[in-house]
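So this one's run_29.pdb, PDB, C-alpha atoms:
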ATOM      1  CA  MET C   1     131.136  72.302  64.043
ATOM      2  CA  HIS C   2     133.674  74.881  65.155
ATOM      3  CA  THR C   3     133.706  76.089  68.760
ATOM      4  CA  PRO C   4     132.960  79.847  68.887
ATOM      5  CA  LYS C   5     136.043  81.973  69.448
ATOM      6  CA  PHE C   6     134.469  83.640  72.456
ATOM      7  CA  LEU C   7     134.081  80.295  74.237
ATOM      8  CA  ILE C   8     137.650  79.381  73.380
ATOM      9  CA  ARG C   9     138.858  82.629  74.949
ATOM     10  CA  LEU C  10     136.881  81.887  78.120
ATOM     11  CA  VAL C  11     138.840  78.724  78.887
ATOM     12  CA  ALA C  12     142.137  79.580  77.181
ATOM     13  CA  HIS C  13     145.117  79.490  79.541
ATOM     14  CA  ASP C  14     146.022  82.925  80.871
ATOM     15  CA  SER C  15     149.569  83.652  79.727
ATOM     16  CA  HIS C  16     150.107  86.018  82.686
ATOM     17  CA  PRO C  17     148.032  84.608  85.569
ATOM     18  CA  THR C  18     147.732  86.453  88.859
ATOM     19  CA  ARG C  19     149.777  84.427  91.330
ATOM     20  CA  GLY C  20     148.384  85.890  94.525
ATOM     21  CA  LEU C  21     145.045  87.301  95.533
ATOM     22  CA  LEU C  22     143.245  89.733  93.272
ATOM     23  CA  ALA C  23     143.290  93.361  94.348
ATOM     24  CA  VAL C  24     139.605  93.244  95.235
ATOM     25  CA  GLU C  25     140.183  90.121  97.344
ATOM     26  CA  TRP C  26     142.851  91.995  99.278
ATOM     27  CA  ALA C  27     140.345  94.825  99.773
ATOM     28  CA  MET C  28     137.878  92.336 101.230
ATOM     29  CA  MET C  29     140.545  90.907 103.534
ATOM     30  CA  LEU C  30     141.451  94.384 104.781
ATOM     31  CA  TYR C  31     137.817  95.110 105.509
ATOM     32  CA  LEU C  32     137.530  91.796 107.322
ATOM     33  CA  LEU C  33     140.489  92.736 109.535
ATOM     34  CA  PHE C  34     138.970  96.170 110.156
ATOM     35  CA  THR C  35     135.714  94.639 111.364
ATOM     36  CA  LEU C  36     137.586  92.158 113.537
ATOM     37  CA  ALA C  37     139.314  95.105 115.217
ATOM     38  CA  LEU C  38     135.927  96.778 115.793
ATOM     39  CA  MET C  39     134.534  93.546 117.183
ATOM     40  CA  ALA C  40     137.465  93.286 119.597
ATOM     41  CA  CYS C  41     136.708  96.790 120.889
ATOM     42  CA  LEU C  42     132.977  96.099 121.231
ATOM     43  CA  TRP C  43     133.244  92.449 122.268
ATOM     44  CA  PRO C  44     131.457  92.623 125.655
ATOM     45  CA  ARG C  45     128.391  94.190 123.974
ATOM     46  CA  ILE C  46     128.117  92.002 120.869
ATOM     47  CA  GLN C  47     125.036  89.825 121.184
ATOM     48  CA  GLN C  48     125.935  86.970 118.821
ATOM     49  CA  PRO C  49     129.663  87.016 118.024
ATOM     50  CA  ALA C  50     129.902  83.352 116.984
ATOM     51  CA  PRO C  51     127.964  83.697 113.671
ATOM     52  CA  MET C  52     129.982  86.809 112.845
ATOM     53  CA  LEU C  53     133.273  84.971 113.382
ATOM     54  CA  ILE C  54     132.121  81.857 111.531
ATOM     55  CA  GLY C  55     130.986  84.008 108.619
ATOM     56  CA  ARG C  56     134.394  85.626 108.359
ATOM     57  CA  LEU C  57     136.121  82.259 108.474
ATOM     58  CA  ALA C  58     133.844  81.063 105.674
ATOM     59  CA  MET C  59     134.795  84.177 103.675
ATOM     60  CA  VAL C  60     138.497  83.372 103.951
ATOM     61  CA  ILE C  61     137.944  79.728 103.008
ATOM     62  CA  GLY C  62     135.820  80.741 100.012
ATOM     63  CA  VAL C  63     138.461  83.150  98.722
ATOM     64  CA  LEU C  64     141.214  80.552  99.124
ATOM     65  CA  LEU C  65     139.187  77.884  97.326
ATOM     66  CA  ALA C  66     138.497  80.293  94.448
ATOM     67  CA  TRP C  67     142.233  81.078  94.320
ATOM     68  CA  ILE C  68     143.126  77.363  94.230
ATOM     69  CA  ILE C  69     140.703  76.737  91.360
ATOM     70  CA  TYR C  70     142.157  79.676  89.446
ATOM     71  CA  GLN C  71     145.712  78.424  89.979
ATOM     72  CA  TRP C  72     144.641  75.018  88.684
ATOM     73  CA  LYS C  73     142.976  76.533  85.612
ATOM     74  CA  PRO C  74     143.989  80.191  85.148
ATOM     75  CA  CYS C  75     141.620  81.535  82.525
ATOM     76  CA  ARG C  76     138.947  84.158  82.042
ATOM     77  CA  ILE C  77     136.091  82.052  83.359
ATOM     78  CA  THR C  78     137.810  81.249  86.671
ATOM     79  CA  HIS C  79     138.785  84.918  86.979
ATOM     80  CA  LEU C  80     135.128  85.838  86.493
ATOM     81  CA  ALA C  81     134.096  83.289  89.134
ATOM     82  CA  ARG C  82     136.350  84.997  91.696
ATOM     83  CA  ILE C  83     134.736  88.352  90.953
ATOM     84  CA  LEU C  84     131.191  86.986  91.039
ATOM     85  CA  LEU C  85     131.943  85.372  94.400
ATOM     86  CA  GLN C  86     132.869  88.771  95.849
ATOM     87  CA  LEU C  87     129.795  90.334  94.292
ATOM     88  CA  GLY C  88     127.569  87.657  95.806
ATOM     89  CA  LEU C  89     129.129  87.990  99.258
ATOM     90  CA  LEU C  90     128.108  91.644  99.461
ATOM     91  CA  SER C  91     124.663  90.468 100.554
ATOM     92  CA  TRP C  92     126.306  88.940 103.640
ATOM     93  CA  TRP C  93     128.487  91.934 104.472
ATOM     94  CA  TYR C  94     125.622  94.430 104.287
ATOM     95  CA  PRO C  95     123.481  93.179 107.235
ATOM     96  CA  ASP C  96     126.692  92.520 109.151
ATOM     97  CA  THR C  97     127.169  96.301 109.444
ATOM     98  CA  TYR C  98     124.030  96.386 111.586
ATOM     99  CA  GLU C  99     125.549  94.020 114.149
ATOM    100  CA  ILE C 100     128.334  96.550 114.697
ATOM    101  CA  ASN C 101     126.721  99.976 114.341
ATOM    102  CA  LYS C 102     123.677  99.203 116.501
ATOM    103  CA  LEU C 103     126.031  99.288 119.468
ATOM    104  CA  LEU C 104     126.946 102.936 118.769
ATOM    105  CA  PRO C 105     124.877 106.121 119.311
ATOM    106  CA  ASN C 106     122.234 106.609 116.625
ATOM    107  CA  TYR C 107     122.582 109.691 114.373
ATOM    108  CA  ASP C 108     119.214 109.694 112.586
ATOM    109  CA  PRO C 109     117.828 112.774 114.398
ATOM    110  CA  TYR C 110     120.666 114.879 112.986
ATOM    111  CA  PHE C 111     120.124 113.712 109.406
ATOM    112  CA  ALA C 112     116.358 114.154 109.589
ATOM    113  CA  ALA C 113     116.963 117.654 110.974
ATOM    114  CA  ALA C 114     119.409 118.361 108.143
ATOM    115  CA  ASP C 115     116.729 117.477 105.591
ATOM    116  CA  GLN C 116     114.284 119.755 107.389
ATOM    117  CA  TRP C 117     116.793 122.605 107.354
ATOM    118  CA  LEU C 118     117.721 122.125 103.681
ATOM    119  CA  PHE C 119     114.269 121.499 102.224
ATOM    120  CA  GLY C 120     111.861 122.871 104.801
ATOM    121  CA  CYS C 121     110.142 119.479 105.023
ATOM    122  CA  GLN C 122     110.838 115.736 105.059
ATOM    123  CA  PRO C 123     111.057 114.669 101.380
ATOM    124  CA  ALA C 124     111.063 110.993 102.370
ATOM    125  CA  LEU C 125     107.796 111.438 104.261
ATOM    126  CA  LEU C 126     106.037 113.420 101.521
ATOM    127  CA  PHE C 127     107.403 112.168  98.173
ATOM    128  CA  SER C 128     105.119 109.131  97.915
ATOM    129  CA  GLN C 129     102.175 111.319  98.979
ATOM    130  CA  TRP C 130     102.948 113.848  96.248
ATOM    131  CA  MET C 131     103.171 111.100  93.571
ATOM    132  CA  PRO C 132     100.777 108.299  94.586
ATOM    133  CA  GLN C 133      99.990 107.108  91.039
ATOM    134  CA  HIS C 134     100.390 103.374  90.422
ATOM    135  CA  TRP C 135     102.584 103.863  87.343
ATOM    136  CA  TRP C 136     104.896 106.218  89.229
ATOM    137  CA  SER C 137     105.169 103.811  92.158
ATOM    138  CA  GLU C 138     106.149 100.992  89.797
ATOM    139  CA  LEU C 139     108.789 103.184  88.126
ATOM    140  CA  MET C 140     110.288 104.013  91.514
ATOM    141  CA  HIS C 141     110.395 100.401  92.614
ATOM    142  CA  LEU C 142     111.769  99.323  89.240
ATOM    143  CA  GLY C 143     114.608 101.795  89.701
ATOM    144  CA  TYR C 144     115.370 100.527  93.188
ATOM    145  CA  ALA C 145     115.170  96.861  92.138
ATOM    146  CA  SER C 146     117.662  97.460  89.305
ATOM    147  CA  TYR C 147     120.576  97.853  91.748
ATOM    148  CA  TYR C 148     122.197  94.413  91.552
ATOM    149  CA  PRO C 149     121.227  93.752  87.892
ATOM    150  CA  LEU C 150     123.016  96.984  86.939
ATOM    151  CA  MET C 151     126.161  95.885  88.749
ATOM    152  CA  VAL C 152     126.127  92.506  87.027
ATOM    153  CA  ALA C 153     125.377  94.054  83.621
ATOM    154  CA  VAL C 154     128.225  96.596  83.742
ATOM    155  CA  SER C 155     130.673  94.011  85.115
ATOM    156  CA  LEU C 156     129.758  91.508  82.388
ATOM    157  CA  TYR C 157     130.074  94.203  79.721
ATOM    158  CA  TYR C 158     133.662  94.847  80.790
ATOM    159  CA  PHE C 159     134.303  91.104  80.960
ATOM    160  CA  CYS C 160     132.935  90.430  77.466
ATOM    161  CA  CYS C 161     133.882  93.612  75.624
ATOM    162  CA  ARG C 162     136.661  95.360  77.590
ATOM    163  CA  TYR C 163     138.453  92.471  79.271
ATOM    164  CA  GLU C 164     141.752  94.338  79.436
ATOM    165  CA  ARG C 165     140.046  96.749  81.880
ATOM    166  CA  PHE C 166     137.849  94.195  83.659
ATOM    167  CA  ALA C 167     140.080  93.806  86.723
ATOM    168  CA  ARG C 168     140.351  97.567  87.202
ATOM    169  CA  ALA C 169     136.631  98.197  86.742
ATOM    170  CA  THR C 170     135.592  95.491  89.188
ATOM    171  CA  PHE C 171     138.214  96.627  91.690
ATOM    172  CA  VAL C 172     136.741 100.136  91.655
ATOM    173  CA  LEU C 173     133.174  98.824  91.907
ATOM    174  CA  LEU C 174     133.662  96.247  94.650
ATOM    175  CA  THR C 175     136.220  98.124  96.728
ATOM    176  CA  SER C 176     133.850 101.089  96.865
ATOM    177  CA  PHE C 177     131.426  98.823  98.702
ATOM    178  CA  PHE C 178     133.976  98.078 101.397
ATOM    179  CA  VAL C 179     134.703 101.784 101.814
ATOM    180  CA  TYR C 180     130.960 102.393 102.205
ATOM    181  CA  TYR C 181     130.743  99.562 104.732
ATOM    182  CA  VAL C 182     133.507 101.160 106.809
ATOM    183  CA  ILE C 183     131.406 104.330 106.947
ATOM    184  CA  PHE C 184     128.249 102.391 107.786
ATOM    185  CA  ASP C 185     130.018 100.577 110.617
ATOM    186  CA  VAL C 186     131.007 103.784 112.392
ATOM    187  CA  VAL C 187     128.232 106.203 111.311
ATOM    188  CA  PRO C 188     124.987 104.537 112.468
ATOM    189  CA  VAL C 189     122.138 106.036 110.447
ATOM    190  CA  THR C 190     119.150 103.789 109.740
ATOM    191  CA  GLY C 191     117.106 105.916 107.349
ATOM    192  CA  PRO C 192     113.501 107.184 107.409
ATOM    193  CA  GLN C 193     111.768 103.807 107.157
ATOM    194  CA  TYR C 194     113.200 102.845 110.545
ATOM    195  CA  TYR C 195     113.647 106.169 112.311
ATOM    196  CA  TYR C 196     110.199 107.528 111.440
ATOM    197  CA  LEU C 197     108.602 104.458 113.022
ATOM    198  CA  ALA C 198     110.733 104.690 116.145
ATOM    199  CA  ALA C 199     110.193 108.449 116.555
ATOM    200  CA  GLY C 200     106.540 108.571 115.432
ATOM    201  CA  THR C 201     105.421 110.052 112.126
ATOM    202  CA  ASP C 202     103.308 112.640 113.946
ATOM    203  CA  GLN C 203     106.435 114.117 115.517
ATOM    204  CA  ILE C 204     108.355 113.870 112.246
ATOM    205  CA  GLY C 205     105.586 115.702 110.426
ATOM    206  CA  ALA C 206     105.717 118.432 113.072
ATOM    207  CA  GLY C 207     109.454 118.856 112.549
ATOM    208  CA  VAL C 208     110.434 117.229 115.853
ATOM    209  CA  PHE C 209     113.262 114.688 115.742
ATOM    210  CA  PRO C 210     113.691 112.988 119.121
ATOM    211  CA  GLU C 211     116.634 110.958 120.279
ATOM    212  CA  ILE C 212     115.742 107.252 120.397
ATOM    213  CA  GLY C 213     118.548 105.899 122.549
ATOM    214  CA  GLN C 214     119.350 102.215 122.010
ATOM    215  CA  TRP C 215     116.099 101.444 120.181
ATOM    216  CA  PHE C 216     117.766  99.601 117.308
ATOM    217  CA  ILE C 217     119.574  97.106 119.483
ATOM    218  CA  ASN C 218     116.311  95.215 119.878
ATOM    219  CA  HIS C 219     114.124  96.596 117.063
ATOM    220  CA  THR C 220     114.434  95.924 113.335
ATOM    221  CA  GLU C 221     110.856  96.659 112.261
ATOM    222  CA  SER C 222     110.196  99.416 109.746
ATOM    223  CA  LEU C 223     107.314 101.355 108.227
ATOM    224  CA  PRO C 224     105.469  99.675 105.348
ATOM    225  CA  ILE C 225     107.115 100.405 102.011
ATOM    226  CA  PRO C 226     105.252 103.277 100.308
ATOM    227  CA  GLY C 227     103.689 102.801  96.922
ATOM    228  CA  TRP C 228     101.255 100.583  95.062
ATOM    229  CA  SER C 229     101.340  97.357  97.075
ATOM    230  CA  ASP C 230      99.898  95.264  94.212
ATOM    231  CA  GLY C 231     102.668  96.201  91.791
ATOM    232  CA  PHE C 232     105.141  93.610  90.496
ATOM    233  CA  CYS C 233     108.190  95.793  91.130
ATOM    234  CA  TYR C 234     106.813  96.718  94.547
ATOM    235  CA  HIS C 235     106.821  93.018  95.441
ATOM    236  CA  LEU C 236     110.406  92.643  94.199
ATOM    237  CA  VAL C 237     111.572  95.396  96.537
ATOM    238  CA  ALA C 238     109.443  94.093  99.419
ATOM    239  CA  ALA C 239     110.906  90.596  99.014
ATOM    240  CA  ALA C 240     114.458  91.958  98.984
ATOM    241  CA  HIS C 241     113.757  93.990 102.120
ATOM    242  CA  ALA C 242     112.265  91.008 103.918
ATOM    243  CA  ALA C 243     115.290  88.876 103.006
ATOM    244  CA  GLY C 244     118.145  91.135 104.044
ATOM    245  CA  GLU C 245     117.229  94.695 105.014
ATOM    246  CA  ARG C 246     118.382  95.959 108.409
ATOM    247  CA  PRO C 247     118.303  99.354 110.183
ATOM    248  CA  THR C 248     121.721 100.354 108.890
ATOM    249  CA  ALA C 249     123.663 101.948 106.046
ATOM    250  CA  ALA C 250     121.646 105.085 105.272
ATOM    251  CA  PHE C 251     124.370 107.726 104.924
ATOM    252  CA  PRO C 252     125.706 108.151 102.369
ATOM    253  CA  SER C 253     123.371 106.250 100.074
ATOM    254  CA  SER C 254     125.444 103.410  98.632
ATOM    255  CA  HIS C 255     122.631 102.753  96.141
ATOM    256  CA  VAL C 256     123.160 106.227  94.706
ATOM    257  CA  GLY C 257     126.936 106.150  95.189
ATOM    258  CA  VAL C 258     127.449 102.775  93.514
ATOM    259  CA  THR C 259     125.132 103.573  90.608
ATOM    260  CA  THR C 260     127.063 106.839  90.183
ATOM    261  CA  ILE C 261     130.209 104.705  89.894
ATOM    262  CA  LEU C 262     128.411 102.447  87.397
ATOM    263  CA  MET C 263     127.518 105.516  85.350
ATOM    264  CA  LEU C 264     131.154 106.598  85.310
ATOM    265  CA  LEU C 265     132.270 103.085  84.340
ATOM    266  CA  ALA C 266     129.702 103.058  81.545
ATOM    267  CA  TRP C 267     130.959 106.436  80.357
ATOM    268  CA  LYS C 268     134.602 105.315  80.505
ATOM    269  CA  SER C 269     133.802 102.112  78.627
ATOM    270  CA  GLY C 270     133.345 104.109  75.428
ATOM    271  CA  SER C 271     130.036 102.383  74.717
ATOM    272  CA  ARG C 272     127.166 104.782  74.127
ATOM    273  CA  LYS C 273     124.714 101.884  74.219
ATOM    274  CA  LEU C 274     125.862 100.897  77.695
ATOM    275  CA  LEU C 275     125.798 104.494  78.910
ATOM    276  CA  TRP C 276     122.306 105.197  77.615
ATOM    277  CA  SER C 277     121.065 101.861  78.938
ATOM    278  CA  VAL C 278     122.261 102.635  82.456
ATOM    279  CA  THR C 279     121.166 106.283  82.544
ATOM    280  CA  PRO C 280     117.361 105.840  82.957
ATOM    281  CA  PHE C 281     117.845 103.394  85.830
ATOM    282  CA  TYR C 282     120.326 105.758  87.459
ATOM    283  CA  ILE C 283     117.819 108.614  87.387
ATOM    284  CA  LEU C 284     115.099 106.376  88.807
ATOM    285  CA  MET C 285     117.443 105.090  91.514
ATOM    286  CA  CYS C 286     118.299 108.576  92.753
ATOM    287  CA  MET C 287     114.608 109.351  93.218
ATOM    288  CA  ALA C 288     113.526 105.899  94.393
ATOM    289  CA  THR C 289     115.776 105.823  97.448
ATOM    290  CA  VAL C 290     113.815 108.749  98.911
ATOM    291  CA  TYR C 291     110.423 107.656  97.527
ATOM    292  CA  ILE C 292     110.506 104.271  99.310
ATOM    293  CA  GLN C 293     111.835 105.950 102.505
ATOM    294  CA  ALA C 294     115.137 104.073 102.447
ATOM    295  CA  HIS C 295     117.094 107.345 102.600
ATOM    296  CA  TYR C 296     116.918 110.987 103.544
ATOM    297  CA  ALA C 297     117.427 113.396 100.670
ATOM    298  CA  ILE C 298     120.776 114.386 102.158
ATOM    299  CA  ASP C 299     121.858 110.755 101.811
ATOM    300  CA  VAL C 300     121.366 111.068  98.064
ATOM    301  CA  ILE C 301     123.600 114.133  97.972
ATOM    302  CA  GLY C 302     126.172 112.204  99.986
ATOM    303  CA  GLY C 303     125.875 109.345  97.477
ATOM    304  CA  TRP C 304     126.573 111.646  94.527
ATOM    305  CA  VAL C 305     129.620 113.204  96.162
ATOM    306  CA  SER C 306     131.061 109.968  97.570
ATOM    307  CA  GLY C 307     130.458 108.039  94.340
ATOM    308  CA  VAL C 308     132.488 110.517  92.284
ATOM    309  CA  ILE C 309     135.267 110.689  94.900
ATOM    310  CA  PHE C 310     135.474 106.910  95.313
ATOM    311  CA  TYR C 311     135.545 106.309  91.573
ATOM    312  CA  PHE C 312     138.420 108.654  90.800
ATOM    313  CA  ALA C 313     140.370 107.781  93.964
ATOM    314  CA  LEU C 314     140.134 104.007  93.461
ATOM    315  CA  ASP C 315     140.644 104.159  89.702
ATOM    316  CA  GLY C 316     143.710 106.349  90.175
ATOM    317  CA  PHE C 317     145.062 104.067  92.901
ATOM    318  CA  TYR C 318     144.693 101.012  90.677
ATOM    319  CA  ARG C 319     146.357 102.651  87.682
ATOM    320  CA  LYS C 320     149.309 103.967  89.657
ATOM    321  CA  ASN C 321     149.947 101.098  92.057
ATOM    322  CA  LEU C 322     148.580  97.914  90.513
ATOM    323  CA  GLU C 323     148.534  98.141  86.717
ATOM    324  CA  SER C 324     152.183  99.140  86.638
ATOM    325  CA  ARG C 325     153.118  95.839  88.330
ATOM    326  CA  LYS C 326     151.596  93.662  85.603
TER
END
Here is the file; what I need is its structure written in the form of structure tokens.
Amino acid sequence: MHTPKFLIRLVAHDSHPTRGLLAVEWAMMLYLLFTLALMACLWPRIQQPAPMLIGRLAMVIGVLLAWIIYQWKPCRITHLARILLQLGLLSWWYPDTYEINKLLPNYDPYFAAADQWLFGCQPALLFSQWMPQHWWSELMHLGYASYYPLMVAVSLYYFCCRYERFARATFVLLTSFFVYYVIFDVVPVTGPQYYYLAAGTDQIGAGVFPEIGQWFINHTESLPIPGWSDGFCYHLVAAAHAAGERPTAAFPSSHVGVTTILMLLAWKSGSRKLLWSVTPFYILMCMATVYIQAHYAIDVIGGWVSGVIFYFALDGFYRKNLESRK
């Protein structure tokens, strides 16, 4: 029996292996240094610095081990492992932003007020009330739950079908996360699910958006997730929130921004099947972030704008400064 050609390509020796760190690994290292600098500035106020430092040390060790394995066996599968490691570590970096931004003044009142000024109401407060149907709730939660599967699907498509552009595509995708995390570190906005609870929904409904001081230093509770609580997709989102959600990272919406980048990657891939497969989930995602009260409507607008800017800026940077060196 002959071994399939695809499997042979997976383990075939890379004729031009990357000797140093991948571009996305350097992006992670730069973000790590950035957060260390922030931690140094905020050190007297950080409540539990030891786990944050140990986590960063583990990150460095993990990247070096992945590099060593790749140097031992430089091939497509070990390259993919390095990318999947960075993708998996995003779930650690996300709640880490909370440990930093909770020490800064909270900006939620300004973003809630911006929604009120733009729309004359609070879309995040009213959307689930306008569309309470079980089927609609499940669609919204399906869209929100598709976030990580979409990232994996688009990345694997490039790996399997457009390998010559795999490194560039994953650099754009993963580095955009670190740019978002920089924003989240220094622009502390928690989103409606946290702010509405802290401020009181009666005041929010009346168009009053009070300052809440240092509430989020000691409070991480949120409003119940809107929607049909017996739905399968509802439970997926609820489980994800219970596992890693924190009062952080609302503006701009990285869910919308990253899925905008995924849409652009799907478009640039030249595959209509990939593009049309991603599109319905993208539309659902843009609505779901407001429906489940994770974001203000203005966060979605910020996600659209930032996603387009990040895609073209990072893609252009890679083409001009990194591809030319290969």
Axis-aligned box for all listed atoms of region 47-59 of chain C, 8 Å per side, centre and edges in Å to one decimal, as lines of an AutoDock Vina configuration file:
center_x = 130.6
center_y = 85.4
center_z = 112.4
size_x = 27.1
size_y = 24.8
size_z = 33.5
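Selection by the PyMOL selection byres ((chain C and resi 305-321) around 6) on the present file picks out Val172, Gly257, Thr260, Ile261, Gly302, Gly303, Trp304, Leu322 and Glu323 of chain C.
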Could the residues in this selection be written to a file with C-alpha atoms, as a compact mmCIF listing (two decimals), keeping the file's coordinate frame?
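Here's the written file selection-v4.txt:
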# COMPACT_ATOMS: atom_id res chain seq x y z
CA VAL C 172 136.74 100.14 91.66
CA GLY C 257 126.94 106.15 95.19
CA THR C 260 127.06 106.84 90.18
CA ILE C 261 130.21 104.70 89.89
CA GLY C 302 126.17 112.20 99.99
CA GLY C 303 125.88 109.34 97.48
CA TRP C 304 126.57 111.65 94.53
CA LEU C 322 148.58 97.91 90.51
CA GLU C 323 148.53 98.14 86.72
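Nearest to Phe251 (chain C) of all the residues C:Thr170, C:Thr289, C:Ser176, C:Thr190 is C:Thr190, counting only C-alpha atoms.
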Need the shell around Ser277 (chain C): protein/DNA/RNA residues with any atom at most 12 Å away, counting only C-alpha atoms. Skip same-chain ones fewer than 3 positions apart. Format as an mmCIF file with C-alpha atoms, keeping the file's coordinate frame?
data_model
loop_
_atom_site.group_PDB
_atom_site.id
_atom_site.type_symbol
_atom_site.label_atom_id
_atom_site.label_comp_id
_atom_site.auth_asym_id
_atom_site.auth_seq_id
_atom_site.Cartn_x
_atom_site.Cartn_y
_atom_site.Cartn_z
ATOM 1 C CA SER C 146 117.662 97.460 89.305
ATOM 2 C CA LEU C 150 123.016 96.984 86.939
ATOM 3 C CA ALA C 153 125.377 94.054 83.621
ATOM 4 C CA VAL C 154 128.225 96.596 83.742
ATOM 5 C CA TYR C 157 130.074 94.203 79.721
ATOM 6 C CA LEU C 262 128.411 102.447 87.397
ATOM 7 C CA MET C 263 127.518 105.516 85.350
ATOM 8 C CA ALA C 266 129.702 103.058 81.545
ATOM 9 C CA TRP C 267 130.959 106.436 80.357
ATOM 10 C CA SER C 271 130.036 102.383 74.717
ATOM 11 C CA ARG C 272 127.166 104.782 74.127
ATOM 12 C CA LYS C 273 124.714 101.884 74.219
ATOM 13 C CA LEU C 274 125.862 100.897 77.695
ATOM 14 C CA PRO C 280 117.361 105.840 82.957
ATOM 15 C CA PHE C 281 117.845 103.394 85.830
ATOM 16 C CA TYR C 282 120.326 105.758 87.459
ATOM 17 C CA ILE C 283 117.819 108.614 87.387
#
Radius query 9 Å about (111.7, 122.1, 111.0), atoms used: all atoms listed in the file, as an mmCIF file with C-alpha atoms, in the frame of the given file:
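The result, stored in out.cif:
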data_model
loop_
_atom_site.group_PDB
_atom_site.id
_atom_site.type_symbol
_atom_site.label_atom_id
_atom_site.label_comp_id
_atom_site.auth_asym_id
_atom_site.auth_seq_id
_atom_site.Cartn_x
_atom_site.Cartn_y
_atom_site.Cartn_z
ATOM 1 C CA ALA C 113 116.963 117.654 110.974
ATOM 2 C CA ASP C 115 116.729 117.477 105.591
ATOM 3 C CA GLN C 116 114.284 119.755 107.389
ATOM 4 C CA TRP C 117 116.793 122.605 107.354
ATOM 5 C CA GLY C 120 111.861 122.871 104.801
ATOM 6 C CA CYS C 121 110.142 119.479 105.023
ATOM 7 C CA GLN C 122 110.838 115.736 105.059
ATOM 8 C CA ILE C 204 108.355 113.870 112.246
ATOM 9 C CA GLY C 205 105.586 115.702 110.426
ATOM 10 C CA ALA C 206 105.717 118.432 113.072
ATOM 11 C CA GLY C 207 109.454 118.856 112.549
ATOM 12 C CA VAL C 208 110.434 117.229 115.853
ATOM 13 C CA PHE C 209 113.262 114.688 115.742
#
*Looking at only C-alpha atoms, which of C:Gly231, C:Leu90, C:Leu21, C:Tyr194 is the one that sits closest to Leu65 (chain C)?*
C:Leu21
*How would you write, as an MDAnalysis selection string, the residues chosen by the PyMOL selection byres ((chain C and resi 77) around 12) on this structure?*
chainID C and resid 6:14 66 69:70 73:76 78:84 156 159:160 163
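Between CA of Thr175 (chain C) and CA of Trp72 (chain C) there is a distance of 25.9 Å.
This file, filtered with the PyMOL selection byres ((chain C and resi 33) around 12), gives the residues Trp26, Ala27, Met28, Met29, Leu30, Tyr31, Leu32, Phe34, Thr35, Leu36, Ala37, Leu38, Met39, Ala40, Leu53, Arg56, Leu57, Met59, Val60, Phe178 and Val182 of chain C.
Note that CA of Pro188 (chain C) and CA of Tyr107 (chain C) are 6.0 Å apart.
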